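J.: I have a structure here, written as structure tokens, and I will follow up with some questions on it.
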Protein chains: 2
Amino acid sequence: MVGLPARGKTFVARKVARYLTWLGHHTRLFNAGDYRRAMLGSMHNHEFFDPNNAEGKMARLAVAQAALDDLFAWLRKDGEVGIYDATNTTRARRDLVIARCIEENVQPLFLEIICDEDSVIEANIRGTKLFSPDYANVAPEEAVRDFHARISHYQSTYEPIGPDDTSYIKYIDKGRQLVINRAGGDIAQSIVRLLMNLRGVRKSVWLTRHGESVYNGLGLLGGDPELSPKGLAFAKRLSRFVKIQGETMRDAVVWTSTLKRTVQTVNELGVEVVTFRELDEINAGLCEAKSYSEIEREMPDEFAARKADKYRYRYPRGESYQDLIRRLQPVVLAFEREARPLLVVGHQAVLRAFYAYLAATPPEQCPHLSIPLHTVIELKPKIYDMAERRIPLD
Amino acid sequence: MVGLPARGKTFVARKVARYLTWLGHHTRLFNAGDYRRAMLGSMHNHEFFDPNNAEGKMARLAVAQAALDDLFAWLRKDGEVGIYDATNTTRARRDLVIARCIEENVQPLFLEIICDEDSVIEANIRGTKLFSPDYANVAPEEAVRDFHARISHYQSTYEPIGPDDTSYIKYIDKGRQLVINRAGGDIAQSIVRLLMNLRGVRKSVWLTRHGESVYNGLGLLGGDPELSPKGLAFAKRLSRFVKIQGETMRDAVVWTSTLKRTVQTVNELGVEVVTFRELDEINAGLCEAKSYSEIEREMPDEFAARKADKYRYRYPRGESYQDLIRRLQPVVLAFEREARPLLVVGHQAVLRAFYAYLAATPPEQCPHLSIPLHTVIELKPKIYDMAERRIPLD
């Protein structure tokens, strides 16, 4: 990462880490601020960041080296993408990163966050920096003043990435402009797709499965069945739940799959509904409309293969959880683009895969996530993550 | 489009038109050079393009207006994306386009092609411009000289798009750098995806279906059957065909689906094979492993719905041709990125969808394209299109 403080580096870095992880790239974030606080304690006022403070400068270099050491050690072991979340605002500091990359045979890609809108910077300071341990015992206005002084120190030596021959992406003014230089591989392409859709609006999401279907009652997989009487009763309770939320859900948009059981579940809501084929339940291929005991009896090899690796197991002529994540990409990108609160009415497997993105759960754990029927999972935005609450509607 | 002559505007414009058309956006190209030749005849030497030639300037403006008139008339009727393929190298000319767009309530997006590599410009002149009707009766070296003079005229008044507030994409040095400004909609995102993968290497492609499968013999849909004895004999003939090609196919790479019948077909080839799940045959959902007559008997409504609209018809819990195109996007992008010649061993429906991209066939015609068994379709690159030859291997 490259950029002045309070430009949203950590916000973007975490989004990128979450997206790449979800796509199956083993990704980890190394935040220089965390290393500084761990090595030197918090409570550094702006003077520590003054480029003329020789002692501070040495200490900061040691912190950078420690973070990079850990990052490369992790890459050497089993990592695929290490994100070095620091300012890196001088050419000298970036040259140091490049030199280490060459040494370690790692491909560097710089992601520079540029933002000159005062209102955005101010919101970043007040929305995230005031909650940093650096300002745990500092009065808010004093903290804001100090942080502006910190920014000034960085500004005095800032050298934006030039039109040279390194690989970089510049993300300017929250996506108004994007510059992509010598970066065209899979990882870079995924980052660009994410950045083109990132609006950075923090919003609530509610996830729920469709009401009980006729197949749920019979224990059959997949298909396109209608709701059972119990399922229809859940649809009514969901409608009441939405009304009770009032304001919070007034502007919400509802996403469903194309299958009858989700469409019937939202029939009574009276809000805008968008249908995504990508939200259709995992395709069980030749096992559609069968029960697990039938599969065990008729296709014992398939049953065993599924048990052995539920994440990678692909139903014959159907999908695996891994396939599901690939297929869900447009939904996740639409989620990042969406500014309104969202109610997603989906299916067990597909919600597991979507939830893994929202909750930053390792994708391999998808098949084991609990997404019960007739329960609304509420996810409210915190600074960088989501706060979860499960509301049974029985 | 924006850019000096011989920068590859028409090449990129045609790629964009082809990709957007294939994705289902009704797209048409309006090439200013074609309008000039139609309105004023060919055989204009460079003096016509001299900005100090008042008469030429007026004539060129009239040509631009005529192309724009047609473009907007077409958009008003039934078009979705009109590509105005002209130099548009002055701000005044672009302001004219913007003014027309505002008048017509059309969203403008400029795509500027910048290239300063002499070798690329020279190759463009010799590879495309020499074949233009403008130089039908001119000696090659004289034509090259004249074209360079034409470029100089444009260069003398060229104003690249500035960092202002219009929507634009700059494609610099064949993709080394990409700048995206105020452009984030679906169309812009598709264009960016294409440009990030466009290598501009002209290469040959051979398409063939797998050898006859056991299901082909029985008239059953889908599934994952093995090759029949006839199919195995085809695999041998295909292997001989590849050897006979010698040089042409020496560096070729082979793409197959994950299904047994394509993998078995390439078993004997002894070349690099890449497997794409996206190349798996159209998923017939609940109709997999059935015959058409069974479907007609057991699911008469489905049979009738498919007959009524074979392009949009989606098998229950399966796919439509339209879905197939969506799913094939990564294959088409990988094709644009690939520099080597390609042999694709696929399936009937999936090859129809891929062929529609390669041959610029309207996607709605996909389901009716003939892709017979045991036939190799050879596509060799021409200037902008592909020359086709069908080679039965029986």
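By order of appearance in the structure tokens: chains A, B, ..., then residues from 1 within every chain, and ligands from 1 in the order shown.
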Could you pull out the alpha helix (DSSP H) residues of segment 117-227 of chain B from DSSP and send them as number ranges by chain?
T.: B: 118-127, 140-155, 186-197, 214-218
J.: Just want the 8 Å neighbourhood of Arg176 of chain B, counted on only C-alpha atoms, with same-chain residues fewer than 2 positions away dropped. Output as a ChimeraX atom specification.
T.: /A:181-183 /B:171-174,178
J.: Can you spit out the residues from that selection as a compact mmCIF listing (two decimals), in the first residue's frame, using N, CA, C and O atoms?
T.:
# COMPACT_ATOMS: atom_id res chain seq x y z
N ASN A 181 -0.87 0.17 -14.11
CA ASN A 181 0.39 0.18 -14.85
C ASN A 181 1.11 -1.15 -14.71
O ASN A 181 1.43 -1.57 -13.59
N ARG A 182 1.40 -1.77 -15.83
CA ARG A 182 2.13 -3.04 -15.82
C ARG A 182 1.56 -4.02 -14.81
O ARG A 182 2.30 -4.60 -14.01
N ALA A 183 0.27 -4.15 -14.81
CA ALA A 183 -0.37 -5.06 -13.87
C ALA A 183 -1.54 -5.72 -14.57
O ALA A 183 -2.55 -5.08 -14.81
N TYR B 171 -6.02 3.68 -23.18
CA TYR B 171 -5.33 2.39 -23.39
C TYR B 171 -3.96 2.73 -23.97
O TYR B 171 -3.85 3.17 -25.12
N ILE B 172 -2.94 2.57 -23.15
CA ILE B 172 -1.63 3.12 -23.48
C ILE B 172 -0.62 2.00 -23.76
O ILE B 172 -0.50 1.04 -22.99
N ASP B 173 0.10 2.14 -24.86
CA ASP B 173 1.15 1.19 -25.24
C ASP B 173 0.69 -0.26 -25.13
O ASP B 173 1.27 -1.06 -24.38
N LYS B 174 -0.36 -0.57 -25.87
CA LYS B 174 -0.89 -1.94 -25.94
C LYS B 174 -1.20 -2.52 -24.56
O LYS B 174 -0.95 -3.70 -24.32
N LEU B 178 -3.36 1.59 -18.22
CA LEU B 178 -4.78 1.81 -18.46
C LEU B 178 -5.21 2.88 -17.48
O LEU B 178 -4.90 2.80 -16.29
J.: Within 8 Å of chain A, which residues of chain B show up? Give each one with its shortest atom-to-atom distance in Å (one decimal) and the two atoms involved, counting only C-alpha atoms, rows by chain then rising residue number, as a tab-separated table.
T.:
residue	atom	partner	partner_atom	distance
B:Gly175	CA	A:Arg182	CA	7.8
B:Arg176	CA	A:Arg182	CA	5.1
B:Gln177	CA	A:Asn181	CA	4.4
B:Leu178	CA	A:Ile180	CA	5.0
B:Val179	CA	A:Val179	CA	4.4
B:Ile180	CA	A:Leu178	CA	5.0
B:Asn181	CA	A:Gln177	CA	4.4
B:Arg182	CA	A:Arg176	CA	5.0
B:Ala183	CA	A:Arg176	CA	7.7
B:Gly184	CA	A:Met196	CA	5.9
B:Gln189	CA	A:Met196	CA	7.5
B:Arg193	CA	A:Gln189	CA	7.8
B:Met196	CA	A:Gly184	CA	5.9
B:Asn197	CA	A:Gly184	CA	7.2
B:Gly223	CA	A:Arg317	CA	6.7
B:Asp224	CA	A:Arg317	CA	7.5
B:Asn283	CA	A:Arg317	CA	7.2
B:Gly285	CA	A:Gly285	CA	6.6
B:Leu286	CA	A:Glu288	CA	7.6
B:Glu288	CA	A:Leu286	CA	7.6
B:Arg317	CA	A:Gly223	CA	6.7
J.: Kindly export the residues of the current selection with N, CA and C atoms, as an mmCIF file, in the first residue's frame.
T.:
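For reference, out-v8.cif as written:
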data_model
loop_
_atom_site.group_PDB
_atom_site.id
_atom_site.type_symbol
_atom_site.label_atom_id
_atom_site.label_comp_id
_atom_site.auth_asym_id
_atom_site.auth_seq_id
_atom_site.Cartn_x
_atom_site.Cartn_y
_atom_site.Cartn_z
ATOM 1 N N GLY B 175 -1.689 -1.665 -23.661
ATOM 2 C CA GLY B 175 -2.118 -2.183 -22.365
ATOM 3 C C GLY B 175 -1.107 -2.060 -21.246
ATOM 4 N N ARG B 176 0.083 -1.508 -21.542
ATOM 5 C CA ARG B 176 1.036 -1.325 -20.455
ATOM 6 C C ARG B 176 0.382 -0.484 -19.355
ATOM 7 N N GLN B 177 -0.320 0.542 -19.775
ATOM 8 C CA GLN B 177 -1.044 1.343 -18.794
ATOM 9 C C GLN B 177 -2.485 1.550 -19.250
ATOM 10 N N LEU B 178 -3.364 1.586 -18.221
ATOM 11 C CA LEU B 178 -4.776 1.806 -18.460
ATOM 12 C C LEU B 178 -5.206 2.885 -17.479
ATOM 13 N N VAL B 179 -5.893 3.911 -17.961
ATOM 14 C CA VAL B 179 -6.432 4.937 -17.062
ATOM 15 C C VAL B 179 -7.943 4.936 -17.232
ATOM 16 N N ILE B 180 -8.635 4.808 -16.115
ATOM 17 C CA ILE B 180 -10.094 4.737 -16.158
ATOM 18 C C ILE B 180 -10.624 5.904 -15.355
ATOM 19 N N ASN B 181 -11.386 6.783 -15.993
ATOM 20 C CA ASN B 181 -11.850 7.993 -15.328
ATOM 21 C C ASN B 181 -13.370 8.105 -15.393
ATOM 22 N N ARG B 182 -13.996 8.189 -14.241
ATOM 23 C CA ARG B 182 -15.448 8.336 -14.176
ATOM 24 C C ARG B 182 -16.150 7.328 -15.079
ATOM 25 N N ALA B 183 -15.727 6.098 -14.995
ATOM 26 C CA ALA B 183 -16.329 5.069 -15.838
ATOM 27 C C ALA B 183 -16.409 3.791 -15.023
ATOM 28 N N GLY B 184 -17.584 3.443 -14.553
ATOM 29 C CA GLY B 184 -17.675 2.266 -13.702
ATOM 30 C C GLY B 184 -18.901 1.418 -13.976
ATOM 31 N N GLN B 189 -17.012 -1.623 -17.392
ATOM 32 C CA GLN B 189 -16.319 -2.725 -16.720
ATOM 33 C C GLN B 189 -15.993 -3.849 -17.697
ATOM 34 N N ARG B 193 -12.239 -5.172 -18.618
ATOM 35 C CA ARG B 193 -11.847 -6.592 -18.536
ATOM 36 C C ARG B 193 -11.226 -7.048 -19.845
ATOM 37 N N MET B 196 -7.759 -5.442 -20.359
ATOM 38 C CA MET B 196 -6.719 -5.985 -19.482
ATOM 39 C C MET B 196 -6.194 -7.327 -20.002
ATOM 40 N N ASN B 197 -6.932 -7.934 -20.913
ATOM 41 C CA ASN B 197 -6.514 -9.235 -21.441
ATOM 42 C C ASN B 197 -6.105 -9.206 -22.912
ATOM 43 N N GLY B 223 -24.431 -35.587 -19.390
ATOM 44 C CA GLY B 223 -23.745 -36.645 -18.671
ATOM 45 C C GLY B 223 -22.230 -36.534 -18.810
ATOM 46 N N ASP B 224 -21.548 -37.590 -18.374
ATOM 47 C CA ASP B 224 -20.091 -37.585 -18.468
ATOM 48 C C ASP B 224 -19.618 -38.937 -19.006
ATOM 49 N N ASN B 283 -25.308 -27.300 -19.299
ATOM 50 C CA ASN B 283 -25.900 -28.153 -18.271
ATOM 51 C C ASN B 283 -27.399 -28.283 -18.536
ATOM 52 N N GLY B 285 -29.469 -29.793 -16.728
ATOM 53 C CA GLY B 285 -30.214 -29.894 -15.468
ATOM 54 C C GLY B 285 -30.955 -31.209 -15.354
ATOM 55 N N LEU B 286 -32.258 -31.124 -15.095
ATOM 56 C CA LEU B 286 -33.052 -32.336 -14.897
ATOM 57 C C LEU B 286 -33.198 -33.151 -16.180
ATOM 58 N N GLU B 288 -30.516 -33.934 -18.064
ATOM 59 C CA GLU B 288 -29.249 -34.644 -18.307
ATOM 60 C C GLU B 288 -29.524 -36.148 -18.427
ATOM 61 N N ARG B 317 -33.139 -26.267 -13.650
ATOM 62 C CA ARG B 317 -31.912 -26.446 -12.851
ATOM 63 C C ARG B 317 -30.671 -26.573 -13.737
#
J.: Write out as a VMD selection string which residues come within 8 Å of Ile325 of chain B when counting only C-alpha atoms, dropping same-chain ones fewer than 3 positions away.
T.: chain B and resid 22 to 23 321 to 322 328 to 329 353 to 354
J.: Please, could you write that set of residues out with N, CA and C atoms as an mmCIF file, in the first residue's frame?
T.:
data_model
loop_
_atom_site.group_PDB
_atom_site.id
_atom_site.type_symbol
_atom_site.label_atom_id
_atom_site.label_comp_id
_atom_site.auth_asym_id
_atom_site.auth_seq_id
_atom_site.Cartn_x
_atom_site.Cartn_y
_atom_site.Cartn_z
ATOM 1 N N TRP B 22 -21.364 -9.980 -28.204
ATOM 2 C CA TRP B 22 -21.418 -11.361 -27.728
ATOM 3 C C TRP B 22 -22.056 -11.413 -26.333
ATOM 4 N N LEU B 23 -21.760 -10.396 -25.514
ATOM 5 C CA LEU B 23 -22.348 -10.355 -24.170
ATOM 6 C C LEU B 23 -23.820 -9.953 -24.178
ATOM 7 N N TYR B 321 -28.424 -21.052 -23.509
ATOM 8 C CA TYR B 321 -27.284 -20.570 -24.297
ATOM 9 C C TYR B 321 -26.802 -19.221 -23.759
ATOM 10 N N GLN B 322 -27.752 -18.386 -23.348
ATOM 11 C CA GLN B 322 -27.406 -17.085 -22.790
ATOM 12 C C GLN B 322 -26.531 -17.256 -21.526
ATOM 13 N N LEU B 328 -18.853 -18.419 -20.224
ATOM 14 C CA LEU B 328 -17.662 -18.564 -21.063
ATOM 15 C C LEU B 328 -16.751 -17.340 -21.073
ATOM 16 N N GLN B 329 -17.157 -16.267 -20.403
ATOM 17 C CA GLN B 329 -16.340 -15.044 -20.432
ATOM 18 C C GLN B 329 -14.865 -15.290 -20.105
ATOM 19 N N ALA B 353 -21.209 -21.336 -28.660
ATOM 20 C CA ALA B 353 -21.121 -20.052 -27.962
ATOM 21 C C ALA B 353 -19.742 -19.424 -28.160
ATOM 22 N N PHE B 354 -18.695 -20.232 -28.158
ATOM 23 C CA PHE B 354 -17.338 -19.708 -28.332
ATOM 24 C C PHE B 354 -17.133 -19.264 -29.782
#
J.: With only C-alpha atoms as the basis for distance, which of A:His210, A:Lys203, A:Lys129, A:Lys380 is at the shortest distance from Phe234 of chain A?
T.: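 When distances to Phe234 of chain A are compared using only C-alpha atoms, the smallest one comes from A:His210.
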J.: So the first atom is atom CA of Leu111 of chain A and the second is atom CA of Leu194 of chain A; what is the distance between them in Å, to one decimal place?
T.: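 For atom CA of Leu111 of chain A relative to atom CA of Leu194 of chain A, the distance reads 12.8 Å.
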J.: For Ser204 of chain B, work out the shell of residues within 10 Å, counting only C-alpha atoms and skipping chain neighbours fewer than 6 positions away, then give it as a PDB file with C-alpha atoms, in the first residue's frame.
T.:
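What follows is the written file out37.pdb:
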ATOM      1  CA  THR B 248       1.844 -24.440 -37.521  1.00  0.00           C
ATOM      2  CA  MET B 249       0.777 -26.423 -34.499  1.00  0.00           C
ATOM      3  CA  ALA B 252      -0.096 -24.850 -29.968  1.00  0.00           C
ATOM      4  CA  ALA B 339      -0.218 -15.719 -27.621  1.00  0.00           C
ATOM      5  CA  ARG B 340       0.106 -19.288 -28.939  1.00  0.00           C
ATOM      6  CA  PRO B 341      -2.079 -21.036 -31.513  1.00  0.00           C
ATOM      7  CA  LEU B 342      -4.952 -22.895 -29.898  1.00  0.00           C
ATOM      8  CA  LEU B 343      -6.760 -26.188 -30.351  1.00  0.00           C
ATOM      9  CA  GLU B 378      -9.894 -23.960 -38.613  1.00  0.00           C
ATOM     10  CA  LEU B 379      -9.947 -20.200 -38.069  1.00  0.00           C
ATOM     11  CA  LYS B 380      -6.954 -18.295 -39.423  1.00  0.00           C
ATOM     12  CA  PRO B 381      -6.486 -14.613 -38.659  1.00  0.00           C
ATOM     13  CA  LYS B 382      -7.071 -12.023 -41.358  1.00  0.00           C
ATOM     14  CA  MET B 386     -10.913 -14.895 -39.225  1.00  0.00           C
ATOM     15  CA  ALA B 387     -10.848 -17.042 -42.383  1.00  0.00           C
TER      16      ALA B 387
END
J.: Give me, as a list of chain:residue names, the residues of segment 178-315 of chain B that a backbone DSSP run labels strand (DSSP E or B).
T.: B:Leu178, B:Val179, B:Ile180, B:Asn181, B:Val205, B:Trp206, B:Leu207, B:Thr208, B:Arg209, B:Ser213, B:Leu220, B:Leu227, B:Val253, B:Val254, B:Trp255, B:Thr256, B:Val273, B:Val274, B:Thr275, B:Ser291
J.: Might you pull out every residue within 12 Å of His44 of chain A, with only C-alpha atoms counted and same-chain residues fewer than 2 positions away left off, and present them as an MDAnalysis selection string?
T.: chainID A and resid 33 36:37 40:42 46:50 56 59:60 132:138 143 146:147 150
J.: Please list as a VMD selection string every residue within 7 Å of segment 71-82 of chain A, counting only C-alpha atoms and excluding residues in the same chain fewer than 2 positions away.
T.: chain A and resid 25 to 30 67 to 69 84
